[in-house]
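Undergrad: Data: start.pdb, PDB, C-alpha atoms and all ligand atoms.
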```
MODEL        1
ATOM      1  CA  MET A 258      -3.310 -28.298  83.865
ATOM      2  CA  ASN A 259      -6.278 -28.098  86.020
ATOM      3  CA  ARG A 260      -9.036 -29.152  83.829
ATOM      4  CA  ASP A 261     -11.771 -28.968  86.301
ATOM      5  CA  GLY A 262     -12.631 -29.291  89.842
ATOM      6  CA  ARG A 263     -13.432 -32.895  89.899
ATOM      7  CA  SER A 264     -10.552 -33.763  92.036
ATOM      8  CA  ARG A 265     -11.683 -31.583  94.813
ATOM      9  CA  THR A 266     -14.891 -33.321  95.192
ATOM     10  CA  ARG A 267     -13.591 -36.629  96.136
ATOM     11  CA  THR A 268     -15.818 -38.003  98.732
ATOM     12  CA  TYR A 269     -14.768 -40.395 101.279
ATOM     13  CA  ALA A 270     -17.928 -42.159 101.509
ATOM     14  CA  ALA A 271     -16.291 -45.176 102.427
ATOM     15  CA  GLY A 272     -16.844 -46.178 105.899
ATOM     16  CA  VAL A 273     -16.989 -49.871 105.902
ATOM     17  CA  LEU A 274     -15.147 -50.249 102.708
ATOM     18  CA  ALA A 275     -12.323 -48.186 104.006
ATOM     19  CA  LEU A 276     -11.894 -50.651 106.792
ATOM     20  CA  LEU A 277     -11.862 -53.422 104.322
ATOM     21  CA  ALA A 278      -9.283 -51.597 102.369
ATOM     22  CA  PHE A 279      -7.037 -51.380 105.348
ATOM     23  CA  ALA A 280      -7.424 -55.020 105.934
ATOM     24  CA  THR A 281      -5.373 -55.671 102.895
ATOM     25  CA  ALA A 282      -3.075 -52.836 103.329
ATOM     26  CA  CYS A 283      -4.412 -51.315 100.399
ATOM     27  CA  GLY A 284      -5.126 -48.023  99.751
ATOM     28  CA  ASP A 285      -7.733 -46.226  98.139
ATOM     29  CA  ASN A 286     -10.269 -44.789 100.383
ATOM     30  CA  GLY A 287      -8.098 -42.072 101.625
ATOM     31  CA  GLY A 288      -6.139 -44.099 104.002
ATOM     32  CA  GLY A 289      -3.778 -42.155 105.989
ATOM     33  CA  GLY A 290      -6.137 -39.352 105.806
ATOM     34  CA  ALA A 291      -3.905 -37.433 103.685
ATOM     35  CA  THR A 292      -4.686 -36.251 100.344
ATOM     36  CA  PRO A 293      -6.637 -38.486  98.386
ATOM     37  CA  ALA A 294      -5.385 -38.826  95.218
ATOM     38  CA  ALA A 295      -5.574 -36.253  92.973
ATOM     39  CA  ALA A 296      -5.550 -32.973  93.843
ATOM     40  CA  LYS A 297      -3.884 -31.897  90.848
ATOM     41  CA  ASN A 298      -4.034 -32.856  87.423
ATOM     42  CA  ALA A 299      -0.940 -32.085  85.843
ATOM     43  CA  SER A 300      -0.478 -33.610  82.619
ATOM     44  CA  ALA A 301       2.039 -36.103  82.642
ATOM     45  CA  ALA A 302       2.305 -39.562  82.206
ATOM     46  CA  PRO A 303       3.580 -42.766  82.984
ATOM     47  CA  GLN A 304       4.521 -45.416  80.778
ATOM     48  CA  SER A 305       5.830 -48.475  81.753
ATOM     49  CA  SER A 306       8.842 -50.203  81.090
ATOM     50  CA  GLY A 307      12.376 -49.273  81.195
ATOM     51  CA  GLY A 308      13.742 -46.651  83.393
ATOM     52  CA  ALA A 309      16.340 -45.289  81.199
ATOM     53  CA  ALA A 310      15.070 -46.263  77.898
ATOM     54  CA  PRO A 311      11.614 -47.351  78.460
ATOM     55  CA  THR A 312      10.559 -49.776  75.938
ATOM     56  CA  ALA A 313       7.152 -50.801  75.102
ATOM     57  CA  GLY A 314       7.398 -54.082  76.789
ATOM     58  CA  ALA A 315       4.847 -56.480  75.649
ATOM     59  CA  THR A 316       2.408 -53.897  74.564
ATOM     60  CA  THR A 317       1.168 -54.065  71.081
ATOM     61  CA  PRO A 318       0.211 -50.627  70.065
ATOM     62  CA  GLY A 319      -2.567 -50.631  67.616
ATOM     63  CA  ALA A 320      -4.016 -53.865  68.746
ATOM     64  CA  ALA A 321      -7.500 -53.556  70.032
ATOM     65  CA  PRO A 322      -7.460 -54.455  73.640
ATOM     66  CA  ALA A 323     -10.417 -55.667  75.523
ATOM     67  CA  GLU A 324     -11.620 -57.829  72.806
ATOM     68  CA  GLY A 325     -11.642 -61.531  73.034
ATOM     69  CA  ASP A 326     -14.270 -63.625  71.407
ATOM     70  CA  ALA A 327     -17.856 -63.867  72.475
ATOM     71  CA  ALA A 328     -17.438 -67.368  73.840
ATOM     72  CA  ALA A 329     -14.627 -66.251  76.070
ATOM     73  CA  TRP A 330     -16.784 -63.472  77.476
ATOM     74  CA  ALA A 331     -19.734 -65.798  77.888
ATOM     75  CA  LYS A 332     -17.544 -68.156  79.900
ATOM     76  CA  TRP A 333     -17.257 -65.390  82.487
ATOM     77  CA  ASN A 334     -20.923 -64.444  82.200
ATOM     78  CA  LEU A 335     -20.057 -61.162  80.549
ATOM     79  CA  LYS A 336     -21.025 -59.422  77.375
ATOM     80  CA  PRO A 337     -18.068 -58.541  75.148
ATOM     81  CA  LEU A 338     -16.707 -55.119  75.868
ATOM     82  CA  ALA A 339     -16.347 -52.880  72.815
ATOM     83  CA  PRO A 340     -12.741 -52.865  71.637
ATOM     84  CA  ALA A 341     -10.788 -49.730  72.391
ATOM     85  CA  PRO A 342     -10.076 -47.375  69.489
ATOM     86  CA  ALA A 343      -6.595 -47.323  67.993
ATOM     87  CA  PRO A 344      -4.145 -45.627  70.329
ATOM     88  CA  PRO A 345      -3.410 -41.959  69.556
ATOM     89  CA  ALA A 346      -0.296 -41.326  67.489
ATOM     90  CA  ASP A 347       0.373 -38.155  69.426
ATOM     91  CA  LYS A 348       0.400 -39.303  73.049
ATOM     92  CA  PRO A 349      -1.540 -37.050  75.428
ATOM     93  CA  ILE A 350       1.051 -37.593  78.120
ATOM     94  CA  LYS A 351       4.705 -37.042  77.339
ATOM     95  CA  LEU A 352       7.296 -37.914  79.930
ATOM     96  CA  GLU A 353      10.577 -36.103  80.358
ATOM     97  CA  ARG A 354      13.878 -37.710  81.193
ATOM     98  CA  ALA A 355      14.616 -35.433  84.119
ATOM     99  CA  GLY A 356      13.118 -32.820  86.367
ATOM    100  CA  THR A 357       9.875 -32.721  88.274
ATOM    101  CA  VAL A 358       7.616 -35.634  87.532
ATOM    102  CA  PRO A 359       4.019 -34.970  86.615
ATOM    103  CA  VAL A 360       1.119 -36.119  88.766
ATOM    104  CA  PHE A 361      -2.041 -37.196  87.019
ATOM    105  CA  SER A 362      -5.354 -38.921  87.697
ATOM    106  CA  ASP A 363      -6.634 -39.147  84.164
ATOM    107  CA  VAL A 364      -5.509 -38.759  80.601
ATOM    108  CA  LYS A 365      -6.690 -35.997  78.333
ATOM    109  CA  THR A 366      -8.459 -37.717  75.478
ATOM    110  CA  SER A 367     -11.787 -37.609  73.740
ATOM    111  CA  ASP A 368     -11.688 -41.377  73.216
ATOM    112  CA  LYS A 369     -14.405 -43.088  75.186
ATOM    113  CA  VAL A 370     -11.922 -45.157  77.105
ATOM    114  CA  VAL A 371     -10.897 -45.653  80.711
ATOM    115  CA  PHE A 372      -7.791 -47.291  82.146
ATOM    116  CA  ILE A 373      -7.757 -49.991  84.821
ATOM    117  CA  THR A 374      -4.983 -50.118  87.400
ATOM    118  CA  ILE A 375      -4.720 -52.900  89.991
ATOM    119  CA  ASP A 376      -2.706 -52.406  93.146
ATOM    120  CA  ASP A 377      -0.735 -54.075  95.894
ATOM    121  CA  GLY A 378      -0.796 -57.708  94.821
ATOM    122  CA  ALA A 379      -2.247 -59.448  97.864
ATOM    123  CA  GLU A 380      -4.707 -61.822  96.226
ATOM    124  CA  LYS A 381      -3.071 -64.174  93.758
ATOM    125  CA  ASP A 382      -6.025 -65.979  92.274
ATOM    126  CA  PRO A 383      -5.133 -68.250  89.342
ATOM    127  CA  LYS A 384      -8.652 -67.736  88.015
ATOM    128  CA  PHE A 385      -7.879 -64.085  87.436
ATOM    129  CA  VAL A 386      -4.931 -64.999  85.225
ATOM    130  CA  GLU A 387      -7.261 -67.286  83.297
ATOM    131  CA  MET A 388      -9.827 -64.520  83.013
ATOM    132  CA  LEU A 389      -7.403 -61.940  81.654
ATOM    133  CA  THR A 390      -5.913 -64.507  79.307
ATOM    134  CA  ASP A 391      -9.401 -65.099  77.933
ATOM    135  CA  LEU A 392     -10.581 -61.516  77.809
ATOM    136  CA  LYS A 393      -7.364 -59.626  77.036
ATOM    137  CA  VAL A 394      -8.547 -56.577  78.944
ATOM    138  CA  PRO A 395      -5.488 -54.369  79.514
ATOM    139  CA  ILE A 396      -4.475 -53.483  83.063
ATOM    140  CA  THR A 397      -1.555 -51.753  84.760
ATOM    141  CA  MET A 398      -0.267 -53.275  88.008
ATOM    142  CA  PHE A 399       1.205 -51.223  90.858
ATOM    143  CA  LEU A 400       2.952 -53.778  93.044
ATOM    144  CA  THR A 401       4.214 -53.564  96.613
ATOM    145  CA  LYS A 402       7.322 -55.651  97.229
ATOM    146  CA  ASP A 403       6.443 -57.013 100.653
ATOM    147  CA  ILE A 404       3.018 -58.049  99.412
ATOM    148  CA  VAL A 405       4.175 -59.821  96.248
ATOM    149  CA  LYS A 406       7.575 -61.217  97.209
ATOM    150  CA  ASN A 407       6.144 -64.541  98.343
ATOM    151  CA  ASP A 408       5.098 -65.188  94.760
ATOM    152  CA  TYR A 409       6.572 -62.849  92.176
ATOM    153  CA  GLY A 410       5.811 -65.516  89.591
ATOM    154  CA  TYR A 411       2.064 -65.028  89.871
ATOM    155  CA  PHE A 412       2.273 -61.732  88.023
ATOM    156  CA  LYS A 413       4.462 -62.953  85.172
ATOM    157  CA  PRO A 414       1.676 -64.413  83.015
ATOM    158  CA  LEU A 415      -0.239 -61.174  83.509
ATOM    159  CA  GLN A 416       2.837 -59.244  82.397
ATOM    160  CA  ALA A 417       3.227 -61.581  79.414
ATOM    161  CA  LEU A 418      -0.205 -60.434  78.235
ATOM    162  CA  GLY A 419       1.263 -56.959  77.722
ATOM    163  CA  ASN A 420       0.407 -55.551  81.124
ATOM    164  CA  HIS A 421       3.098 -53.481  82.743
ATOM    165  CA  ILE A 422       4.266 -53.608  86.329
ATOM    166  CA  GLN A 423       4.766 -50.344  88.183
ATOM    167  CA  ASN A 424       6.097 -49.112  91.520
ATOM    168  CA  HIS A 425       3.962 -49.037  94.687
ATOM    169  CA  THR A 426       6.641 -49.040  97.461
ATOM    170  CA  VAL A 427       8.125 -51.837  99.560
ATOM    171  CA  THR A 428       5.845 -51.752 102.617
ATOM    172  CA  HIS A 429       2.849 -49.618 101.627
ATOM    173  CA  PRO A 430       3.433 -46.769 104.110
ATOM    174  CA  VAL A 431       1.864 -43.346 104.399
ATOM    175  CA  MET A 432       4.640 -41.568 102.531
ATOM    176  CA  SER A 433       4.106 -38.076 103.927
ATOM    177  CA  LYS A 434       4.985 -39.352 107.384
ATOM    178  CA  LEU A 435       8.398 -40.561 106.294
ATOM    179  CA  SER A 436      11.712 -38.768 106.051
ATOM    180  CA  ALA A 437      13.131 -38.161 102.614
ATOM    181  CA  ASP A 438      15.588 -41.015 103.097
ATOM    182  CA  LYS A 439      12.865 -43.450 104.042
ATOM    183  CA  GLN A 440      10.689 -42.361 101.150
ATOM    184  CA  LYS A 441      13.605 -43.003  98.900
ATOM    185  CA  SER A 442      14.281 -46.485 100.209
ATOM    186  CA  GLU A 443      10.587 -47.384  99.885
ATOM    187  CA  ILE A 444      10.557 -46.365  96.245
ATOM    188  CA  CYS A 445      14.087 -47.287  95.183
ATOM    189  CA  ASP A 446      13.988 -50.730  96.800
ATOM    190  CA  ASP A 447      10.669 -51.581  95.157
ATOM    191  CA  GLN A 448      12.074 -50.274  91.883
ATOM    192  CA  ALA A 449      15.109 -52.543  92.195
ATOM    193  CA  ALA A 450      13.103 -55.625  93.134
ATOM    194  CA  LEU A 451      10.532 -55.194  90.381
ATOM    195  CA  THR A 452      13.189 -54.455  87.797
ATOM    196  CA  GLN A 453      15.073 -57.573  88.764
ATOM    197  CA  GLN A 454      12.004 -59.786  88.837
ATOM    198  CA  TYR A 455      10.198 -58.508  85.774
ATOM    199  CA  GLY A 456      13.050 -57.367  83.583
ATOM    200  CA  THR A 457      11.901 -53.829  83.073
ATOM    201  CA  ALA A 458      12.137 -50.744  85.249
ATOM    202  CA  PRO A 459       8.847 -49.196  86.337
ATOM    203  CA  LEU A 460       8.237 -45.815  84.756
ATOM    204  CA  LEU A 461       5.272 -44.962  86.954
ATOM    205  CA  PHE A 462       4.854 -44.634  90.713
ATOM    206  CA  ARG A 463       1.722 -44.623  92.833
ATOM    207  CA  PRO A 464       1.972 -43.617  96.499
ATOM    208  CA  PRO A 465      -0.119 -45.790  98.845
ATOM    209  CA  PHE A 466      -3.465 -44.086  99.531
ATOM    210  CA  GLY A 467      -2.464 -41.378  97.064
ATOM    211  CA  ASP A 468      -0.768 -39.791 100.045
ATOM    212  CA  GLY A 469       1.791 -37.063  99.527
ATOM    213  CA  ALA A 470       1.455 -37.170  95.767
ATOM    214  CA  ASN A 471       1.684 -33.446  95.328
ATOM    215  CA  THR A 472       4.437 -32.740  97.828
ATOM    216  CA  PRO A 473       7.823 -31.580  96.595
ATOM    217  CA  MET A 474       9.561 -34.063  98.869
ATOM    218  CA  LEU A 475       7.827 -37.067  97.390
ATOM    219  CA  ASN A 476       8.327 -35.741  93.892
ATOM    220  CA  THR A 477      12.055 -35.532  94.541
ATOM    221  CA  SER A 478      12.155 -39.013  96.022
ATOM    222  CA  VAL A 479      10.425 -40.417  92.972
ATOM    223  CA  GLN A 480      12.866 -38.659  90.676
ATOM    224  CA  GLN A 481      15.772 -40.194  92.535
ATOM    225  CA  CYS A 482      14.491 -43.713  92.059
ATOM    226  CA  GLY A 483      13.618 -43.749  88.373
ATOM    227  CA  PRO A 484       9.849 -43.524  87.836
ATOM    228  CA  ARG A 485       8.942 -40.525  85.678
ATOM    229  CA  ALA A 486       5.359 -39.887  86.757
ATOM    230  CA  ILE A 487       3.063 -40.197  89.751
ATOM    231  CA  VAL A 488      -0.250 -41.775  88.880
ATOM    232  CA  LEU A 489      -3.422 -41.329  90.912
ATOM    233  CA  TRP A 490      -7.005 -42.171  89.957
ATOM    234  CA  ARG A 491     -10.534 -40.877  89.442
ATOM    235  CA  GLU A 492     -12.553 -43.891  90.518
ATOM    236  CA  SER A 493     -11.928 -46.651  92.993
ATOM    237  CA  MET A 494     -13.484 -50.076  92.489
ATOM    238  CA  GLN A 495     -15.061 -51.597  95.562
ATOM    239  CA  ILE A 496     -17.005 -54.858  95.336
ATOM    240  CA  HIS A 497     -19.917 -54.220  93.018
ATOM    241  CA  ASP A 498     -19.412 -50.649  91.926
ATOM    242  CA  MET A 499     -16.958 -47.810  91.883
ATOM    243  CA  GLN A 500     -16.516 -44.944  94.265
ATOM    244  CA  TYR A 501     -16.331 -41.779  92.164
ATOM    245  CA  GLN A 502     -14.527 -38.550  92.860
ATOM    246  CA  ALA A 503     -16.885 -36.787  90.471
ATOM    247  CA  THR A 504     -20.166 -35.749  92.026
ATOM    248  CA  ASP A 505     -22.141 -36.945  89.022
ATOM    249  CA  LYS A 506     -20.753 -40.450  89.541
ATOM    250  CA  LYS A 507     -20.006 -40.962  85.894
ATOM    251  CA  LEU A 508     -16.922 -42.090  84.080
ATOM    252  CA  LYS A 509     -15.230 -39.520  81.844
ATOM    253  CA  PRO A 510     -13.002 -40.193  78.866
ATOM    254  CA  GLY A 511      -9.476 -40.907  80.024
ATOM    255  CA  ASP A 512     -10.299 -41.684  83.645
ATOM    256  CA  ILE A 513      -7.921 -43.918  85.536
ATOM    257  CA  ILE A 514      -9.641 -46.482  87.756
ATOM    258  CA  LEU A 515      -8.071 -47.961  90.872
ATOM    259  CA  ALA A 516      -8.760 -51.583  91.758
ATOM    260  CA  HIS A 517      -6.897 -54.054  93.946
ATOM    261  CA  PHE A 518      -5.805 -57.655  93.946
ATOM    262  CA  ARG A 519      -8.296 -58.764  96.589
ATOM    263  CA  GLY A 520     -10.101 -61.938  97.487
ATOM    264  CA  PRO A 521     -13.152 -63.141  99.423
ATOM    265  CA  LYS A 522     -11.824 -61.999 102.775
ATOM    266  CA  GLU A 523     -11.669 -58.410 101.640
ATOM    267  CA  LEU A 524     -14.630 -58.563  99.277
ATOM    268  CA  LYS A 525     -17.281 -59.943 101.601
ATOM    269  CA  GLY A 526     -17.073 -63.319  99.981
ATOM    270  CA  ALA A 527     -16.756 -62.199  96.382
ATOM    271  CA  THR A 528     -13.773 -63.361  94.375
ATOM    272  CA  MET A 529     -11.257 -61.348  92.420
ATOM    273  CA  THR A 530     -12.837 -62.466  89.158
ATOM    274  CA  GLN A 531     -16.324 -61.560  90.337
ATOM    275  CA  MET A 532     -15.127 -58.109  91.366
ATOM    276  CA  PHE A 533     -13.357 -57.629  88.045
ATOM    277  CA  GLY A 534     -16.408 -58.823  86.107
ATOM    278  CA  GLU A 535     -18.531 -56.286  87.948
ATOM    279  CA  LEU A 536     -16.015 -53.584  87.152
ATOM    280  CA  LEU A 537     -16.171 -54.408  83.449
ATOM    281  CA  ALA A 538     -19.966 -54.416  83.560
ATOM    282  CA  ARG A 539     -20.030 -50.955  85.183
ATOM    283  CA  ILE A 540     -17.654 -49.657  82.516
ATOM    284  CA  GLN A 541     -19.724 -51.225  79.760
ATOM    285  CA  GLU A 542     -22.993 -49.818  81.077
ATOM    286  CA  GLN A 543     -21.584 -46.340  80.633
ATOM    287  CA  GLY A 544     -20.505 -47.013  77.077
ATOM    288  CA  PHE A 545     -16.769 -47.085  77.667
ATOM    289  CA  SER A 546     -14.087 -49.485  76.610
ATOM    290  CA  VAL A 547     -10.815 -50.218  78.366
ATOM    291  CA  ALA A 548      -7.570 -49.027  76.816
ATOM    292  CA  ARG A 549      -3.955 -49.628  77.716
ATOM    293  CA  LEU A 550      -2.496 -46.754  79.701
ATOM    294  CA  ASP A 551       0.897 -47.177  78.054
ATOM    295  CA  ASP A 552      -0.677 -46.479  74.687
ATOM    296  CA  TYR A 553      -1.448 -42.932  75.821
ATOM    297  CA  ILE A 554       1.947 -42.180  77.272
ATOM    298  CA  GLN A 555       5.123 -41.261  75.512
ATOM    299  CA  PRO A 556       8.168 -42.436  77.456
ATOM    300  CA  PRO A 557      11.111 -40.102  77.874
ATOM    301  CA  ALA A 558      13.470 -39.912  74.957
ATOM    302  CA  SER A 559      16.456 -42.069  75.642
TER     303      SER A 559
HETATM  304 ZN    ZN A 601      -2.067 -49.790  97.639
ENDMDL
END
```
Starting from the file, lay out its structure as structure tokens.
TA:
Amino acid sequence: MNRDGRSRTRTYAAGVLALLAFATACGDNGGGGATPAAAKNASAAPQSSGGAAPTAGATTPGAAPAEGDAAAWAKWNLKPLAPAPAPPADKPIKLERAGTVPVFSDVKTSDKVVFITIDDGAEKDPKFVEMLTDLKVPITMFLTKDIVKNDYGYFKPLQALGNHIQNHTVTHPVMSKLSADKQKSEICDDQAALTQQYGTAPLLFRPPFGDGANTPMLNTSVQQCGPRAIVLWRESMQIHDMQYQATDKKLKPGDIILAHFRGPKELKGATMTQMFGELLARIQEQGFSVARLDDYIQPPAS
């Protein structure tokens, strides 16, 4: 389970950016001070859709994500990202129907792919929907009810592109400071709202700031609400580049990247699409393509 020590080396270099992160209630840079994501790398996995019988949702296994034609990429001043390889038939992460849920920050694979996750849901920029519609880069969204409830509809066209919506609590609290009952209402109420709005039950949960991810209490709370894995990350996208947990500051196959729905106020004037374009460029520079997380996860047997 512990493939290496990368997780321990997470640096919190993030002074100013951390403040920015708080401004949107978002949580990467170790907010809450608690454990940053990842201390452990179990091997488990999320998937997305249905709680009981997770279905593949809109995903199209086998289809090369991140493709799009050259003109579409040029429209966004980007070079086409190499398409991801075909998804593995034997999924590296296999979820169980019951019991302790795994906690993971990356996926064991030799494919030169990374996975993009986008959290909270504060910035609802129509241009980003246009961008993803053009580029077809797969993402996974971890949405916080109180941050998205003023416009659940914004995320529906993103979901229609095959991108799954996952659980990220109701109010974005520091989970380890809550009682078991409060943890449960944060997770279960987000689960209920997202299931009702998007028609599929989240299979994955991400605690705000990565806090409490490896505590038995949070694991139990997650189990009681339906998600079957806790998903952390290896890199966190800022404005122009990523913050890496690894000391060599390089992407590794199977890394999960955290980004946020943010706008100019949180990005020092940059837009969501500019931030996302920079993220794709950083991924491309290192020779990676972007795959769909769900394609590497086997949902629990129904
Ligand atoms: Zn967050």
Undergrad: If you measure from CA of Asp446 in chain A to CA of Lys406 in chain A, what distance in Å do you get, rounded to one decimal?
TA: 12.3 Å
Undergrad: Pull out every residue that the PyMOL selection byres (((chain A and resi 529-533) around 9) and not hetatm) matches in the shown coordinates and put them as a list in words.
TA: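 Selected by the PyMOL selection byres (((chain A and resi 529-533) around 9) and not hetatm) here: Trp333, Glu380, Lys381, Asp382, Lys384, Phe385, Met388, Met494, Gln495, Ile496, His497, Asp498, Ala516, His517, Phe518, Arg519, Gly520, Pro521, Leu524, Ala527, Thr528, Gly534, Glu535, Leu536, Leu537 and Ala538 of chain A.
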Undergrad: Using all atoms listed in the file, pick whichever of A:Asp347, A:Asp326, A:Asp377, A:Asp363 has the shortest atom-to-atom distance to ligand ZN 601 (chain A).
TA: A:Asp377
Undergrad: Quick one: residues within 9 Å of Val386 in chain A, all atoms listed in the file, excluding same-chain residues fewer than 3 positions away - as a list in words?
TA: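 Result of the neighbour search: Lys381, Asp382, Pro383, Leu389, Thr390, Asp391, Tyr411, Phe412, Pro414 and Leu415 of chain A.
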Undergrad: Identify which of the residues A:Ile375, A:Gln454, A:Ile540, A:Ser478 lies closest to Asp408 in chain A, counting only C-alpha atoms when measuring atom-to-atom distances.
TA: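 For Asp408 in chain A, the nearest of the given residues is A:Gln454.
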Undergrad: Using only C-alpha atoms and all ligand atoms, which of the listed residues (A:Asn476, A:Ser546, A:Ser493, A:Thr366) sits closest to ligand ZN 601 (chain A)?
TA: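 So, comparing all the options, the nearest one is A:Ser493.
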Undergrad: Rank nothing, just name the residue among A:Leu475, A:Ala379, A:Ala355, A:Cys445 nearest to ligand ZN 601 (chain A), using all atoms listed in the file.
TA: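 So, comparing all the options, the nearest one is A:Ala379.
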Undergrad: Mind pulling up the distance from CA of Lys365 in chain A to CA of Ala339 in chain A?
TA: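 It comes out at 20.2 Å.
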Undergrad: Using only C-alpha atoms and all ligand atoms, which of the listed residues (A:Lys525, A:Lys507, A:His425, A:Lys369) sits closest to ligand ZN 601 (chain A)?
TA: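 Looking at the shortest contact to ligand ZN 601 (chain A), the residue is A:His425.
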Undergrad: When you draw a straight line from CA of Pro510 in chain A to CA of Ile396 in chain A, how long is it in Å?
TA: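 Computed distance, CA of Pro510 in chain A to CA of Ile396 in chain A, equals 16.3 Å.
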Undergrad: Determine the nearest neighbour of Glu353 in chain A from the options A:Gly467, A:Pro556, A:Pro430, A:Gly456, counting only C-alpha atoms.
TA: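 Between A:Gly467, A:Pro556, A:Pro430, A:Gly456, the residue approaching Glu353 in chain A most closely is A:Pro556.
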Undergrad: Please provide as JSON, numbers by chain all residues within 7 Å of Val364 in chain A, with the sequence filter that same-chain residues fewer than 5 positions apart are discarded (counting all atoms listed in the file).
TA: {"A": [349, 511, 512]}
Undergrad: Can you list, as an MDAnalysis selection string, every protein, DNA or RNA residue that comes within 8 Å of Thr401 in chain A when you count only C-alpha atoms, leaving out same-chain residues fewer than 4 positions away?
TA: chainID A and resid 376:378 405 424:429 447
Undergrad: Any chance you could resolve the PyMOL selection byres (((chain A and resi 553) around 9) and not hetatm) against this file and give the residues as a PyMOL selection string?
TA: chain A and resi 302-304+344-351+364+366+548-552+554-555
Undergrad: For range 349-422 of chain A versus range 460-465 of chain A, which residues have an atom no more than 10 Å away, and what is each residue's nearest atom pair and distance in Å rounded to one decimal, using only C-alpha atoms, chain-then-number order, as a Markdown table?
TA:
```
| residue | atom | partner | partner_atom | distance |
| --- | --- | --- | --- | --- |
| A:Leu352 | CA | A:Leu460 | CA | 9.3 |
| A:Val358 | CA | A:Leu461 | CA | 9.6 |
| A:Val360 | CA | A:Arg463 | CA | 9.4 |
| A:Asp376 | CA | A:Arg463 | CA | 9.0 |
| A:Asp377 | CA | A:Pro465 | CA | 8.8 |
| A:Thr397 | CA | A:Leu461 | CA | 9.9 |
| A:Phe399 | CA | A:Arg463 | CA | 6.9 |
| A:Leu400 | CA | A:Arg463 | CA | 9.2 |
| A:Thr401 | CA | A:Pro465 | CA | 9.2 |
| A:His421 | CA | A:Leu460 | CA | 9.4 |
| A:Ile422 | CA | A:Leu461 | CA | 8.7 |
```
Undergrad: Can those selected residues be exported to a file as a PDB file, keeping the file's coordinate frame so that it contains C-alpha atoms?
TA:
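In the end it all went to part-v4.pdb:
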```
ATOM      1  CA  LEU A 352       7.296 -37.914  79.930  1.00  0.00           C
ATOM      2  CA  VAL A 358       7.616 -35.634  87.532  1.00  0.00           C
ATOM      3  CA  VAL A 360       1.119 -36.119  88.766  1.00  0.00           C
ATOM      4  CA  ASP A 376      -2.706 -52.406  93.146  1.00  0.00           C
ATOM      5  CA  ASP A 377      -0.735 -54.075  95.894  1.00  0.00           C
ATOM      6  CA  THR A 397      -1.555 -51.753  84.760  1.00  0.00           C
ATOM      7  CA  PHE A 399       1.205 -51.223  90.858  1.00  0.00           C
ATOM      8  CA  LEU A 400       2.952 -53.778  93.044  1.00  0.00           C
ATOM      9  CA  THR A 401       4.214 -53.564  96.613  1.00  0.00           C
ATOM     10  CA  HIS A 421       3.098 -53.481  82.743  1.00  0.00           C
ATOM     11  CA  ILE A 422       4.266 -53.608  86.329  1.00  0.00           C
TER      12      ILE A 422
END
```
Undergrad: Pull out every residue that the PyMOL selection byres (((chain A and resi 432) around 7) and not hetatm) matches in the shown coordinates and put them as a PyMOL selection string.
TA: chain A and resi 430-431+433-435+440+464+468-469
Undergrad: Quick one: residues within 6 Å of Trp490 in chain A, all atoms listed in the file, excluding same-chain residues fewer than 5 positions away - as a PyMOL selection string?
TA: chain A and resi 362+513-515
Undergrad: Compile the contact shell of Arg354 in chain A as a count of residues only: residues with an atom at most 8 Å away, counting all atoms listed in the file, same-chain residues fewer than 3 positions apart removed.
TA: 5
